Amino acid sequence: MMNDVIGKASEFVVNLFCTCFCAEVNHICRLDKNLDVLEKAIKVLTARRDDVSARVDRAEETGLQRLHVVGVWLAAVEKIEKQAHETTTACTREGSSLCDVCSRKLVSRFRYGGEVFSMLEDVRELTERKLNEDLNAVAVPPMGDAVVERDLQPIIVGQETILESAWNRIMDEGTQSMGLYGMGGVGKTTLLEQINNKFSGANGGFDKVIWVVVSKDKPNEKIQDEIGAKLGFTKEDWKEKETSEKVSDLYGRMKNKKFVLLLDDIWREIDLKEIGVPTPTKKNGCKIVFTTRLREVCGQMGVHDPMEVKCLGRDEAWDLFCAKVGEMTLESHPDIRELACQVAEKCQGLPLALNIMGKNMSSKRTVQEWKLAKDTLASNAAEFPGMEDHIFMVLKYSYDKLGDAHQIKSCFQYCALFPEDFAIQKEKLVDYWICEEFIDEKQGKNYATNQAYGVIGTLVKACLLIEEGEDKSKVKMHDVVREMALWIASNFRKDNERCIVKAGVGLSEVPTVENWSSVRRMSLMYNEIENIHDSPNCSELTTLLFQKNELLNISDEFFKYMPRLVVLDLSDNRFINGFPTDISKLFSLRYLDLSENGAIQSLFAGLLKLQKLIYLNLERTGLESISGISSLSRLRTLRLRRNKLSHDLNVIKELELLKHLEAVTIDIGSSSVADQLFKAPRVANAIHELFIEHLQEEAKFTFPNMAVLCTLEMYKSAMVEINIERRTPSWRKSPTTASFPSLSTVRLSYCHGLKDLTWLLFAPNLTVLTVAISTRVEDIISKEKAADILIEEAGTIIPFRKLEHFQVYNLPKLKSIYWSPLPFPRLKKLNIGRCPNLRKLPLDSKSGSSIPGEELVIHNGEQYWIEKVEWEDEATKKRFLCTINPSQ
């Protein structure tokens, strides 16, 4: 009873209080009622919001674009709805009965009452707001200009052809994604800008062309934000969204649009699904075009036939350089044009270098200035204006992306030791790197070799090396990339004597070095140095490349103070006065190349003391004996081809004493030496290259398993039959136990005793085969001899699956290569000459390489032979007859 009296009294006091004060106090007294009103108003506003959103979605599905004012209104509704929910929840938690008004909660009621009253006003305003005739118009057709043109020169000097090819491929309805890759500074971005602008004139019905420069740190977020901005999402609203909301919004906005997404400079795979970009398909007609420096990124993005953006050709590069220098400067002196040509050559067609260097030389109108520029580029290109800041820094991004792997970066810098524009044998690089211990050998030489070739592949795919040669057995380093590598090796010009490279520059003597103790690597290869008389203190020197000079004499003191020297290459010199005895002081030496030095006839004493030596090349010397070589107990690779050892029976005995031998190159010139080799399985299993020549006796040989044999050549051999060592009766073996798993090259000539080469069935990785001037050869693969093998293996042995180059000529009795058609999936050239009895070729209409531009071509210039070919069928005749090239 007492509580009721107090409650009524309190209510009376509060009502009296509310009527006596201003309007601001009134809404505090009405908090409970206002909360109910707010809840009902929010429901009405939410329903209205849902109607508008549904109408917007339907409009966007038809290709229309929402109005910005509608987007603002929807965002405001979402915000007020969130605030109302938070306030209602807080009021409920605090308590709102009138009996609390005299307690400490009066302050809370005052605050919440004001917030609720204010929100009611906002909700009424949003509910009553008229947007474009009461929201009847929520979207409009997209703007006619779907492309934002980029400011650039209208013509790409020298790249018109690739632009046309790229555009045609993009516009092909079968293309959903296209990648453009190439080294830094080659013009990929410029090409993509041209593609962007071409859409403004002929957009192919695309609703939107979106350009994004991809961030190296957070590519997904960068792409999302740029796409969101270009699709009309407001910046403030977009920032507040969670990643999942952004994905949903982008997908919803783009799923019914025909778009082109241009991604510039990606460094890793971009997952479009994680961003919210619908997958391009032939049905929706959307396109993704990207640029990258990394060839492997193209494959990761599902583009397996990307377009390589290459450096400009010589004429195109000159045109670009002239355009940047200007005719007025080029004509300012009669000698400047020739000097300018030499400066431009240094750029090797790299547009970035041509642009920067051309601009820097545009004001140089004296011969002296141009001569200085030429000399600077030849001696220390990093000092040329703009080279470090504008050229090297761009190229260095590719180097930096190699990661923290010291191994790969060291291998890359090593390639700069060779002369400009030099084709480096991959095999030589591998041997250098292994001996320098860039490559881990703990798991064996085969693993290390594969790892080294993997590094080469990484550098090629990063466009830091360029593959050379028809068989891609060599690599080159672009001159500007080479200069960048030397810049890095010199610790960015802080220590120019750390890595001294004067390769192929015409030196006649060793260059002057101020501080020999700081030199770590020195390359003086391909010069004209005849004598070395110094005794430098090279305490840090690990690499010395001195091949291809005119060396007659090296002082006995020269090698005295090189305690850390690991790699020494003295190949292709003369050494008329002998070899220095102090080579024995090189306690750390692991690699020594003395090949093509005719003065070496025996293993001198200093050489036999190099206990850490693992690689020794003595090919093409005058070597007559290898007696004592067993003292080099760690030797793993020994190259002995083209010496005077082919008849020496002691060679095999000496090799058997080398317990760690893994790779040998050797010549055999007598049946007795051959017989001895084939009966020494450990040595035979280490033979890497084998040259059999001048065997006078007719003999049959059984080859043992030769796991590392890569090259086999036979010349003027009377050998009548080659068999394979048998573990089971007859020739029955599994392809997985091939006797020659590494054999890639076979060349036979003047082998008049052989009738067939059926043993090649056990060389599954053969890529080059030449059989020439052998009068008794009737079959390449004998059907009779192969019968047992094919029956045993249920026909699963298909020969020549990796063969790329096949040549048969001057084989008067040759009747068959193989008795039925073979796929030859990688064969590019089949050369046939002077084989009058060869009528049937092992080809059908599907034979040959399927790689575009590398289709199988038959070379034969004899019209009478062409007319007598017996084709498998008309389809085969039609396929190959028109490809026969009459030139050999």
# chains A, B, ... in the order shown; residues from 1 in each chain; ligands from 1
$ residues_around --residues "A:Lys716" --least-positions-apart "5" --cutoff "7 Å" --atoms "only C-alpha atoms" --output "VMD selection string"
chain A and resid 693 to 695 749 to 751
$ write_last_selection --atoms "C-alpha atoms" --output "compact mmCIF listing (two decimals), in the first residue's frame"
# COMPACT_ATOMS: atom_id res chain seq x y z
CA GLU A 693 86.45 -44.06 -83.32
CA HIS A 694 88.61 -46.00 -85.73
CA LEU A 695 87.79 -49.51 -84.53
CA SER A 749 78.96 -42.02 -89.32
CA TYR A 750 81.16 -44.35 -91.38
CA CYS A 751 79.95 -47.28 -89.29
$ residues_around --residues "A:Asn765" --least-positions-apart "4" --cutoff "10 Å" --atoms "only C-alpha atoms" --output "PDB file with N, CA and C atoms, in the first residue's frame"
ATOM      1  N   CYS A 710      75.148 -39.306 -71.843  1.00  0.00           N
ATOM      2  CA  CYS A 710      74.330 -38.270 -72.476  1.00  0.00           C
ATOM      3  C   CYS A 710      74.563 -38.207 -73.984  1.00  0.00           C
ATOM      4  N   ALA A 738      65.564 -48.722 -68.465  1.00  0.00           N
ATOM      5  CA  ALA A 738      66.277 -48.454 -69.705  1.00  0.00           C
ATOM      6  C   ALA A 738      67.769 -48.385 -69.449  1.00  0.00           C
ATOM      7  N   PHE A 740      69.919 -46.713 -71.125  1.00  0.00           N
ATOM      8  CA  PHE A 740      70.443 -45.380 -71.411  1.00  0.00           C
ATOM      9  C   PHE A 740      69.397 -44.309 -71.073  1.00  0.00           C
ATOM     10  N   PRO A 741      69.055 -44.152 -69.815  1.00  0.00           N
ATOM     11  CA  PRO A 741      67.979 -43.218 -69.452  1.00  0.00           C
ATOM     12  C   PRO A 741      68.325 -41.751 -69.699  1.00  0.00           C
ATOM     13  N   SER A 742      69.626 -41.423 -69.790  1.00  0.00           N
ATOM     14  CA  SER A 742      70.025 -40.023 -69.983  1.00  0.00           C
ATOM     15  C   SER A 742      70.492 -39.730 -71.399  1.00  0.00           C
ATOM     16  N   LEU A 743      70.569 -40.732 -72.235  1.00  0.00           N
ATOM     17  CA  LEU A 743      71.114 -40.553 -73.575  1.00  0.00           C
ATOM     18  C   LEU A 743      70.211 -39.651 -74.416  1.00  0.00           C
ATOM     19  N   SER A 744      70.767 -38.520 -74.851  1.00  0.00           N
ATOM     20  CA  SER A 744      69.975 -37.557 -75.620  1.00  0.00           C
ATOM     21  C   SER A 744      70.489 -37.351 -77.040  1.00  0.00           C
ATOM     22  N   THR A 745      71.768 -37.608 -77.273  1.00  0.00           N
ATOM     23  CA  THR A 745      72.351 -37.361 -78.588  1.00  0.00           C
ATOM     24  C   THR A 745      73.128 -38.576 -79.070  1.00  0.00           C
ATOM     25  N   LEU A 760      68.419 -48.642 -79.635  1.00  0.00           N
ATOM     26  CA  LEU A 760      67.912 -47.313 -79.282  1.00  0.00           C
ATOM     27  C   LEU A 760      66.545 -47.373 -78.613  1.00  0.00           C
ATOM     28  N   LEU A 761      65.905 -48.525 -78.643  1.00  0.00           N
ATOM     29  CA  LEU A 761      64.647 -48.679 -77.902  1.00  0.00           C
ATOM     30  C   LEU A 761      64.860 -48.436 -76.411  1.00  0.00           C
ATOM     31  N   PRO A 799      59.114 -45.893 -79.593  1.00  0.00           N
ATOM     32  CA  PRO A 799      60.405 -45.205 -79.696  1.00  0.00           C
ATOM     33  C   PRO A 799      60.280 -43.760 -80.172  1.00  0.00           C
ATOM     34  N   PHE A 800      61.320 -43.011 -79.877  1.00  0.00           N
ATOM     35  CA  PHE A 800      61.498 -41.649 -80.405  1.00  0.00           C
ATOM     36  C   PHE A 800      60.413 -40.673 -79.957  1.00  0.00           C
ATOM     37  N   ARG A 801      59.897 -40.866 -78.770  1.00  0.00           N
ATOM     38  CA  ARG A 801      58.831 -39.978 -78.289  1.00  0.00           C
ATOM     39  C   ARG A 801      59.358 -38.565 -77.999  1.00  0.00           C
ATOM     40  N   LYS A 802      60.663 -38.435 -77.746  1.00  0.00           N
ATOM     41  CA  LYS A 802      61.224 -37.115 -77.444  1.00  0.00           C
ATOM     42  C   LYS A 802      62.183 -36.626 -78.525  1.00  0.00           C
ATOM     43  N   LEU A 803      62.250 -37.356 -79.622  1.00  0.00           N
ATOM     44  CA  LEU A 803      63.160 -36.993 -80.702  1.00  0.00           C
ATOM     45  C   LEU A 803      62.733 -35.675 -81.350  1.00  0.00           C
TER      46      LEU A 803
END
$ residues_around --residues "A:Lys659" --least-positions-apart "5" --cutoff "12 Å" --atoms "only C-alpha atoms" --output "ChimeraX atom specification"
/A:614,629-637,653-654,682-683,686
$ write_last_selection --atoms "N, CA and C atoms" --output "PDB file, in the first residue's frame"
ATOM      1  N   ILE A 614      87.271 -31.288 -57.362  1.00  0.00           N
ATOM      2  CA  ILE A 614      86.175 -32.202 -57.705  1.00  0.00           C
ATOM      3  C   ILE A 614      85.860 -32.168 -59.204  1.00  0.00           C
ATOM      4  N   ILE A 629      96.572 -39.934 -61.443  1.00  0.00           N
ATOM      5  CA  ILE A 629      95.368 -39.137 -61.206  1.00  0.00           C
ATOM      6  C   ILE A 629      94.571 -39.648 -59.996  1.00  0.00           C
ATOM      7  N   SER A 630      94.844 -40.869 -59.600  1.00  0.00           N
ATOM      8  CA  SER A 630      94.117 -41.417 -58.449  1.00  0.00           C
ATOM      9  C   SER A 630      94.420 -40.658 -57.165  1.00  0.00           C
ATOM     10  N   SER A 631      95.486 -39.834 -57.166  1.00  0.00           N
ATOM     11  CA  SER A 631      95.795 -39.035 -55.973  1.00  0.00           C
ATOM     12  C   SER A 631      94.747 -37.940 -55.756  1.00  0.00           C
ATOM     13  N   LEU A 632      93.990 -37.623 -56.791  1.00  0.00           N
ATOM     14  CA  LEU A 632      92.902 -36.637 -56.667  1.00  0.00           C
ATOM     15  C   LEU A 632      91.660 -37.390 -56.185  1.00  0.00           C
ATOM     16  N   SER A 633      91.690 -37.763 -54.939  1.00  0.00           N
ATOM     17  CA  SER A 633      90.711 -38.724 -54.412  1.00  0.00           C
ATOM     18  C   SER A 633      89.280 -38.213 -54.396  1.00  0.00           C
ATOM     19  N   ARG A 634      89.086 -36.882 -54.408  1.00  0.00           N
ATOM     20  CA  ARG A 634      87.724 -36.342 -54.354  1.00  0.00           C
ATOM     21  C   ARG A 634      87.135 -36.059 -55.735  1.00  0.00           C
ATOM     22  N   LEU A 635      87.889 -36.342 -56.771  1.00  0.00           N
ATOM     23  CA  LEU A 635      87.468 -36.002 -58.123  1.00  0.00           C
ATOM     24  C   LEU A 635      86.140 -36.673 -58.478  1.00  0.00           C
ATOM     25  N   ARG A 636      85.209 -35.869 -58.980  1.00  0.00           N
ATOM     26  CA  ARG A 636      83.893 -36.401 -59.358  1.00  0.00           C
ATOM     27  C   ARG A 636      83.618 -36.252 -60.852  1.00  0.00           C
ATOM     28  N   THR A 637      84.156 -35.182 -61.446  1.00  0.00           N
ATOM     29  CA  THR A 637      83.956 -34.960 -62.878  1.00  0.00           C
ATOM     30  C   THR A 637      85.321 -34.846 -63.548  1.00  0.00           C
ATOM     31  N   LYS A 653      92.017 -48.479 -65.951  1.00  0.00           N
ATOM     32  CA  LYS A 653      92.532 -48.890 -64.651  1.00  0.00           C
ATOM     33  C   LYS A 653      92.666 -47.700 -63.703  1.00  0.00           C
ATOM     34  N   GLU A 654      93.156 -46.573 -64.239  1.00  0.00           N
ATOM     35  CA  GLU A 654      93.286 -45.363 -63.420  1.00  0.00           C
ATOM     36  C   GLU A 654      91.910 -44.855 -62.977  1.00  0.00           C
ATOM     37  N   ARG A 682      81.421 -49.905 -62.886  1.00  0.00           N
ATOM     38  CA  ARG A 682      81.380 -48.642 -62.133  1.00  0.00           C
ATOM     39  C   ARG A 682      81.875 -47.481 -62.975  1.00  0.00           C
ATOM     40  N   VAL A 683      82.918 -47.701 -63.786  1.00  0.00           N
ATOM     41  CA  VAL A 683      83.413 -46.660 -64.675  1.00  0.00           C
ATOM     42  C   VAL A 683      82.420 -46.423 -65.806  1.00  0.00           C
ATOM     43  N   ALA A 686      79.673 -44.198 -65.113  1.00  0.00           N
ATOM     44  CA  ALA A 686      80.004 -42.786 -64.903  1.00  0.00           C
ATOM     45  C   ALA A 686      80.295 -42.070 -66.223  1.00  0.00           C
TER      46      ALA A 686
END
$ residues_around --residues "stretch 48-52 of chain A" --least-positions-apart "2" --cutoff "9 Å" --atoms "only C-alpha atoms" --output "ChimeraX atom specification"
/A:43-46,54-57,70,73-74,77-78,127,135,138
$ residues_around --residues "A:Leu163" --least-positions-apart "3" --cutoff "8 Å" --atoms "only C-alpha atoms" --output "list of chain:residue names"
A:Gln159, A:Glu160, A:Ala166, A:Trp167, A:Leu191, A:Gln194, A:Ile195
$ write_last_selection --atoms "C-alpha atoms" --output "PDB file, in the first residue's frame"
ATOM      1  CA  GLN A 159      55.666  -2.370 -81.263  1.00  0.00           C
ATOM      2  CA  GLU A 160      52.840  -1.913 -83.751  1.00  0.00           C
ATOM      3  CA  ALA A 166      47.546  -8.785 -78.955  1.00  0.00           C
ATOM      4  CA  TRP A 167      44.391  -6.895 -79.932  1.00  0.00           C
ATOM      5  CA  LEU A 191      51.338  -1.861 -74.684  1.00  0.00           C
ATOM      6  CA  GLN A 194      47.424   1.175 -75.976  1.00  0.00           C
ATOM      7  CA  ILE A 195      45.052  -1.780 -75.618  1.00  0.00           C
TER       8      ILE A 195
END
$ residues_around --residues "stretch 489-499 of chain A" --least-positions-apart "2" --cutoff "7 Å" --atoms "only C-alpha atoms" --output "PyMOL selection string"
chain A and resi 413+485-487+501+518-522
$ write_last_selection --atoms "N, CA and C atoms" --output "PDB file, in the first residue's frame"
ATOM      1  N   GLN A 413      74.123 -13.225 -60.321  1.00  0.00           N
ATOM      2  CA  GLN A 413      75.276 -12.328 -60.419  1.00  0.00           C
ATOM      3  C   GLN A 413      76.441 -13.001 -61.135  1.00  0.00           C
ATOM      4  N   ALA A 485      73.428  -6.303 -62.869  1.00  0.00           N
ATOM      5  CA  ALA A 485      73.991  -7.361 -62.033  1.00  0.00           C
ATOM      6  C   ALA A 485      75.373  -6.964 -61.500  1.00  0.00           C
ATOM      7  N   LEU A 486      76.174  -6.346 -62.351  1.00  0.00           N
ATOM      8  CA  LEU A 486      77.501  -5.891 -61.914  1.00  0.00           C
ATOM      9  C   LEU A 486      77.377  -4.766 -60.883  1.00  0.00           C
ATOM     10  N   TRP A 487      76.385  -3.929 -61.068  1.00  0.00           N
ATOM     11  CA  TRP A 487      76.113  -2.844 -60.113  1.00  0.00           C
ATOM     12  C   TRP A 487      75.780  -3.424 -58.732  1.00  0.00           C
ATOM     13  N   VAL A 501      85.221  -7.263 -63.702  1.00  0.00           N
ATOM     14  CA  VAL A 501      84.855  -7.943 -64.938  1.00  0.00           C
ATOM     15  C   VAL A 501      85.334  -7.106 -66.113  1.00  0.00           C
ATOM     16  N   SER A 518      90.516  -6.937 -51.664  1.00  0.00           N
ATOM     17  CA  SER A 518      89.051  -6.788 -51.670  1.00  0.00           C
ATOM     18  C   SER A 518      88.392  -7.537 -52.823  1.00  0.00           C
ATOM     19  N   VAL A 519      89.181  -8.039 -53.762  1.00  0.00           N
ATOM     20  CA  VAL A 519      88.633  -8.701 -54.953  1.00  0.00           C
ATOM     21  C   VAL A 519      88.123 -10.094 -54.600  1.00  0.00           C
ATOM     22  N   ARG A 520      86.868 -10.352 -54.951  1.00  0.00           N
ATOM     23  CA  ARG A 520      86.287 -11.675 -54.703  1.00  0.00           C
ATOM     24  C   ARG A 520      86.135 -12.488 -55.980  1.00  0.00           C
ATOM     25  N   ARG A 521      85.793 -11.794 -57.060  1.00  0.00           N
ATOM     26  CA  ARG A 521      85.677 -12.485 -58.349  1.00  0.00           C
ATOM     27  C   ARG A 521      86.316 -11.628 -59.424  1.00  0.00           C
ATOM     28  N   MET A 522      87.023 -12.302 -60.352  1.00  0.00           N
ATOM     29  CA  MET A 522      87.654 -11.582 -61.447  1.00  0.00           C
ATOM     30  C   MET A 522      87.457 -12.387 -62.731  1.00  0.00           C
TER      31      MET A 522
END
$ atom_distance --atom1 "atom CA of A:Lys246" --atom2 "atom CA of A:Ile80"
20.8 Å
$ select_by_dssp --residues "stretch 471-559 of chain A" --states "strand (DSSP E or B)" --output "PyMOL selection string"
chain A and resi 474-476+499-501+521-523+531-532+543-545+553-554
$ select_by_dssp --residues "stretch 253-351 of chain A" --states "alpha helix (DSSP H)" --output "PyMOL selection string"
chain A and resi 253-254+272-275+295-300+314-325+327-330+336-346+351
